[in-house]
Amino acid sequence: MTIKTRFAPSPTGYLHVGGARTALFSWLYARKHGGKFVLRIEDTDLERSTQDSVNAILEGMTWLGLEYDEGPFYQTHRFERYNEVIGLLLDKGLAYRCSCSKERLTGLREQQMANKEKPRYDGHCRDRDINPDEPHVIRFRNPLDGDVEIGDLIRGRVVVANSELDDLVIRRTDGSPTYNLTVVVDDHDMGITHVIRGDDHLNNTPRQINMLNALDWDVPHYAHVPMILGDDGARLSKRHGAVSVMQYLKDGFLPEALLNYLVRLGWSHGDQELFSLDEMIRLFDLDAVNRAPSTFNTEKLRWLNQQYLKSADPDRVAHLLSSHLGDLGIDPTEGPELTAVIEAQRERATTLIELAEISAFYYREFDRFDEKAAKKAFKAGAAEALQVVSEKLAALAIWDRETIHAVIETTVKELGVGFGKVAMPLRTAVTGGAPSPDLDLTVFLVGKEATLRRIGRAIAHIGGN
């Protein structure tokens, strides 16, 4: 048997991190077992589904590298097939027409809730002969007795009594099919063997199994992934920060870092934190997925992103960083080699945005000296030290780390002061107080002309205080 999984989002918004994790788990399971991964767009909610949302889902999948083997399939292109199955159910007496008014159903629900009963349809039209020409919905005739057993690959055995289920609507009055019907038909027609989805769908599963059994179709294996919570214990939502996958792109995260973080949200392999994609595929399995909800921790994601930033190919980081520098009005071609700056700075940043911000001083003049850094660095004797080092740097015929370091050392000896008395004011003069690597490397990357200009500015700043 070829294992086949699917990701089936509704295009009513962006691709959120919960959906991305479900897609990742489904993708990993298919890849691990040499199977196929299907993308299906469940767009039967005609009022809320939009092409922009479809594009956002496809864009998010592409950015994360979750390539699909089949699809994308669109449910709105399959209405003829759904109606064919609904007709089959009607012919076999497994579905029926219901003309109950909205008012009757609302009253029924209110009465049941007042009696502290579980709200559900009471089967009023189950044995009535409804005229097909009058407004009606079509309901599935759910079994009245027995149980539905789900061998969930994450939660274990789940048993639901049929008496707890009602006759759900499978086609609306306007003729459009409903979610539970379309999912059953699609999973069968597409040969889906494993349905991996959020546990908010668990209450739909016994209904879908009953429909599959009624149609004498194979029942896939189910795995319901626990929800993701915010750090306050509530379900993850916009108020917790970025939940859209593409927002993480804008916020300067690497896709491999987000994937690594998502796979660890509810799954683990010992104490290992960092996983390559190959390791994820080789090690992932559903039996290691936790049953309890996971808590999203943005600081942990930032730490992971930093690990990937430190080890990523500098050329690739340069390509990704350029747009963030552009957002700061910086053209990275007008300054030191960007890959050299990245290698010098990346251990100090957790995101590409941070990396751009702390690297800006290499490419443009800063507006002002950082007040705290200047107060610490520009003390008595700082102006003299800067003047001496400036003269020596100006006289250099070769501008490299070795000669710059030699100038700093010579100045220290000449003035008879500690290294910090020269290094601290020089670093602040050149960077404005921004985080920076070794001083000789920093000065080298900033360049001779800009370094001398900034030292002069620092001397004037000290003299003006």
# chains A, B, ... in the order shown; residues from 1 in each chain; ligands from 1
>>> residues_around(residues="Pro9 of chain A", least_positions_apart="6", cutoff="7 Å", atoms="only C-alpha atoms", output="PyMOL selection string")
chain A and resi 40-42
>>> residues_around(residues="Tyr222 of chain A", least_positions_apart="2", cutoff="10 Å", atoms="only C-alpha atoms", output="list in words")
Ile150, Gly151, Asp152, Leu153, Ile154, Arg155, Gly156, Thr193, His194, Val195, Ile196, Arg197, Leu202, Thr205, Val219, Pro220, His224 and Val225 of chain A
>>> closest_residue(among="A:Leu236, A:Gln208, A:Asp199, A:Pro119", to="Asn142 of chain A", atoms="only C-alpha atoms")
A:Gln208
>>> closest_atom_pairs(of="segment 229-293 of chain A", to="segment 338-356 of chain A", cutoff="12 Å", atoms="only C-alpha atoms", output="CSV")
residue,atom,partner,partner_atom,distance
A:Tyr248,CA,A:Thr351,CA,9.7
A:Leu249,CA,A:Leu352,CA,9.4
A:Lys250,CA,A:Ile353,CA,8.6
A:Asp251,CA,A:Ile353,CA,6.5
A:Gly252,CA,A:Leu352,CA,4.3
A:Phe253,CA,A:Thr351,CA,5.6
A:Leu254,CA,A:Thr351,CA,8.1
A:Pro255,CA,A:Thr351,CA,11.6
A:Ala257,CA,A:Thr351,CA,10.4
A:Leu258,CA,A:Thr351,CA,11.6
>>> residues_around(residues="segment 56-70 of chain A", least_positions_apart="4", cutoff="9 Å", atoms="only C-alpha atoms", output="count of residues only")
27
>>> select_by_dssp(residues="segment 321-432 of chain A", states="alpha helix (DSSP H)", output="MDAnalysis selection string")
chainID A and resid 321:327 338:345 352:359 371:377 382:394 401:415 419:431
>>> closest_residue(among="A:Val407, A:Ala114, A:Leu452, A:Met280", to="Trp267 of chain A", atoms="only C-alpha atoms")
A:Met280
>>> residues_around(residues="Ile404 of chain A", least_positions_apart="6", cutoff="12 Å", atoms="only C-alpha atoms", output="list of chain:residue names")
A:Val389, A:Ser390, A:Lys392, A:Leu393, A:Ala394, A:Ala395, A:Leu396, A:Ala397, A:Ile398, A:Thr410, A:Thr411, A:Ala423, A:Leu426, A:Asp438, A:Leu439, A:Asp440, A:Leu441, A:Thr442, A:Val443, A:Phe444, A:Leu445, A:Val446, A:Gly447, A:Lys448, A:Thr451
>>> residues_around(residues="Leu28 of chain A", least_positions_apart="2", cutoff="9 Å", atoms="only C-alpha atoms", output="PyMOL selection string")
chain A and resi 23-26+30-33+37+280-282+284-285
>>> decode(residues="segment 401-441 of chain A", atoms="N, CA and C atoms", output="JSON list (two decimals), in the first residue's frame")
[["chain", "number", "residue", "atom", "x", "y", "z"],
["A", 401, "ARG", "N", 43.32, 44.18, 8.46],
["A", 401, "ARG", "CA", 43.14, 43.96, 9.89],
["A", 401, "ARG", "C", 44.47, 44.04, 10.65],
["A", 402, "GLU", "N", 45.53, 43.46, 10.07],
["A", 402, "GLU", "CA", 46.81, 43.40, 10.75],
["A", 402, "GLU", "C", 47.38, 44.79, 10.99],
["A", 403, "THR", "N", 47.35, 45.63, 9.95],
["A", 403, "THR", "CA", 47.93, 46.97, 10.10],
["A", 403, "THR", "C", 47.07, 47.83, 11.04],
["A", 404, "ILE", "N", 45.76, 47.64, 10.97],
["A", 404, "ILE", "CA", 44.87, 48.40, 11.86],
["A", 404, "ILE", "C", 45.12, 48.00, 13.31],
["A", 405, "HIS", "N", 45.24, 46.69, 13.55],
["A", 405, "HIS", "CA", 45.50, 46.23, 14.91],
["A", 405, "HIS", "C", 46.83, 46.77, 15.43],
["A", 406, "ALA", "N", 47.83, 46.80, 14.55],
["A", 406, "ALA", "CA", 49.16, 47.32, 14.93],
["A", 406, "ALA", "C", 49.07, 48.79, 15.33],
["A", 407, "VAL", "N", 48.28, 49.58, 14.60],
["A", 407, "VAL", "CA", 48.10, 51.00, 14.92],
["A", 407, "VAL", "C", 47.49, 51.16, 16.32],
["A", 408, "ILE", "N", 46.47, 50.35, 16.61],
["A", 408, "ILE", "CA", 45.82, 50.45, 17.93],
["A", 408, "ILE", "C", 46.82, 50.10, 19.03],
["A", 409, "GLU", "N", 47.57, 49.02, 18.84],
["A", 409, "GLU", "CA", 48.56, 48.60, 19.83],
["A", 409, "GLU", "C", 49.64, 49.69, 20.02],
["A", 410, "THR", "N", 50.10, 50.26, 18.93],
["A", 410, "THR", "CA", 51.13, 51.31, 18.99],
["A", 410, "THR", "C", 50.62, 52.53, 19.76],
["A", 411, "THR", "N", 49.37, 52.90, 19.50],
["A", 411, "THR", "CA", 48.77, 54.05, 20.19],
["A", 411, "THR", "C", 48.68, 53.80, 21.69],
["A", 412, "VAL", "N", 48.30, 52.59, 22.06],
["A", 412, "VAL", "CA", 48.21, 52.22, 23.48],
["A", 412, "VAL", "C", 49.57, 52.39, 24.16],
["A", 413, "LYS", "N", 50.59, 51.88, 23.51],
["A", 413, "LYS", "CA", 51.94, 51.97, 24.08],
["A", 413, "LYS", "C", 52.43, 53.40, 24.14],
["A", 414, "GLU", "N", 52.16, 54.14, 23.09],
["A", 414, "GLU", "CA", 52.64, 55.53, 23.01],
["A", 414, "GLU", "C", 52.01, 56.40, 24.09],
["A", 415, "LEU", "N", 50.73, 56.15, 24.36],
["A", 415, "LEU", "CA", 50.03, 56.95, 25.36],
["A", 415, "LEU", "C", 50.22, 56.40, 26.77],
["A", 416, "GLY", "N", 50.71, 55.17, 26.85],
["A", 416, "GLY", "CA", 50.93, 54.56, 28.16],
["A", 416, "GLY", "C", 49.66, 54.33, 28.93],
["A", 417, "VAL", "N", 48.60, 53.92, 28.22],
["A", 417, "VAL", "CA", 47.29, 53.68, 28.85],
["A", 417, "VAL", "C", 46.88, 52.23, 28.61],
["A", 418, "GLY", "N", 45.81, 51.83, 29.27],
["A", 418, "GLY", "CA", 45.26, 50.50, 29.05],
["A", 418, "GLY", "C", 44.62, 50.41, 27.67],
["A", 419, "PHE", "N", 44.49, 49.18, 27.16],
["A", 419, "PHE", "CA", 43.94, 48.98, 25.81],
["A", 419, "PHE", "C", 42.54, 49.58, 25.67],
["A", 420, "GLY", "N", 41.74, 49.45, 26.72],
["A", 420, "GLY", "CA", 40.37, 49.95, 26.66],
["A", 420, "GLY", "C", 40.27, 51.45, 26.49],
["A", 421, "LYS", "N", 41.29, 52.19, 26.97],
["A", 421, "LYS", "CA", 41.27, 53.65, 26.87],
["A", 421, "LYS", "C", 41.34, 54.13, 25.42],
["A", 422, "VAL", "N", 41.87, 53.27, 24.56],
["A", 422, "VAL", "CA", 41.91, 53.57, 23.12],
["A", 422, "VAL", "C", 40.79, 52.85, 22.39],
["A", 423, "ALA", "N", 40.61, 51.59, 22.73],
["A", 423, "ALA", "CA", 39.66, 50.75, 22.00],
["A", 423, "ALA", "C", 38.21, 51.20, 22.18],
["A", 424, "MET", "N", 37.83, 51.53, 23.41],
["A", 424, "MET", "CA", 36.43, 51.89, 23.66],
["A", 424, "MET", "C", 36.00, 53.14, 22.91],
["A", 425, "PRO", "N", 36.77, 54.25, 23.01],
["A", 425, "PRO", "CA", 36.35, 55.43, 22.24],
["A", 425, "PRO", "C", 36.41, 55.21, 20.74],
["A", 426, "LEU", "N", 37.40, 54.43, 20.28],
["A", 426, "LEU", "CA", 37.49, 54.16, 18.83],
["A", 426, "LEU", "C", 36.29, 53.36, 18.35],
["A", 427, "ARG", "N", 35.91, 52.33, 19.09],
["A", 427, "ARG", "CA", 34.76, 51.51, 18.69],
["A", 427, "ARG", "C", 33.48, 52.34, 18.65],
["A", 428, "THR", "N", 33.27, 53.14, 19.69],
["A", 428, "THR", "CA", 32.06, 53.98, 19.73],
["A", 428, "THR", "C", 32.08, 55.01, 18.62],
["A", 429, "ALA", "N", 33.26, 55.59, 18.35],
["A", 429, "ALA", "CA", 33.37, 56.58, 17.28],
["A", 429, "ALA", "C", 32.99, 55.99, 15.93],
["A", 430, "VAL", "N", 33.42, 54.76, 15.69],
["A", 430, "VAL", "CA", 33.21, 54.13, 14.37],
["A", 430, "VAL", "C", 31.81, 53.54, 14.22],
["A", 431, "THR", "N", 31.26, 52.98, 15.32],
["A", 431, "THR", "CA", 29.97, 52.27, 15.23],
["A", 431, "THR", "C", 28.79, 53.08, 15.73],
["A", 432, "GLY", "N", 29.07, 54.12, 16.50],
["A", 432, "GLY", "CA", 27.98, 54.88, 17.11],
["A", 432, "GLY", "C", 27.45, 54.21, 18.36],
["A", 433, "GLY", "N", 27.99, 53.03, 18.68],
["A", 433, "GLY", "CA", 27.53, 52.28, 19.85],
["A", 433, "GLY", "C", 26.81, 51.01, 19.48],
["A", 434, "ALA", "N", 26.76, 50.69, 18.18],
["A", 434, "ALA", "CA", 26.08, 49.47, 17.73],
["A", 434, "ALA", "C", 26.92, 48.24, 18.06],
["A", 435, "PRO", "N", 26.29, 47.07, 18.26],
["A", 435, "PRO", "CA", 27.04, 45.83, 18.50],
["A", 435, "PRO", "C", 27.98, 45.56, 17.32],
["A", 436, "SER", "N", 29.20, 45.12, 17.63],
["A", 436, "SER", "CA", 30.19, 44.92, 16.57],
["A", 436, "SER", "C", 31.19, 43.85, 16.97],
["A", 437, "PRO", "N", 31.89, 43.26, 16.00],
["A", 437, "PRO", "CA", 32.87, 42.21, 16.29],
["A", 437, "PRO", "C", 34.21, 42.79, 16.73],
["A", 438, "ASP", "N", 35.29, 42.04, 16.53],
["A", 438, "ASP", "CA", 36.62, 42.52, 16.89],
["A", 438, "ASP", "C", 36.86, 43.91, 16.31],
["A", 439, "LEU", "N", 37.52, 44.75, 17.07],
["A", 439, "LEU", "CA", 37.67, 46.14, 16.68],
["A", 439, "LEU", "C", 38.42, 46.31, 15.36],
["A", 440, "ASP", "N", 39.52, 45.55, 15.17],
["A", 440, "ASP", "CA", 40.26, 45.70, 13.92],
["A", 440, "ASP", "C", 39.41, 45.28, 12.72],
["A", 441, "LEU", "N", 38.56, 44.25, 12.91],
["A", 441, "LEU", "CA", 37.67, 43.81, 11.83],
["A", 441, "LEU", "C", 36.61, 44.87, 11.56]]
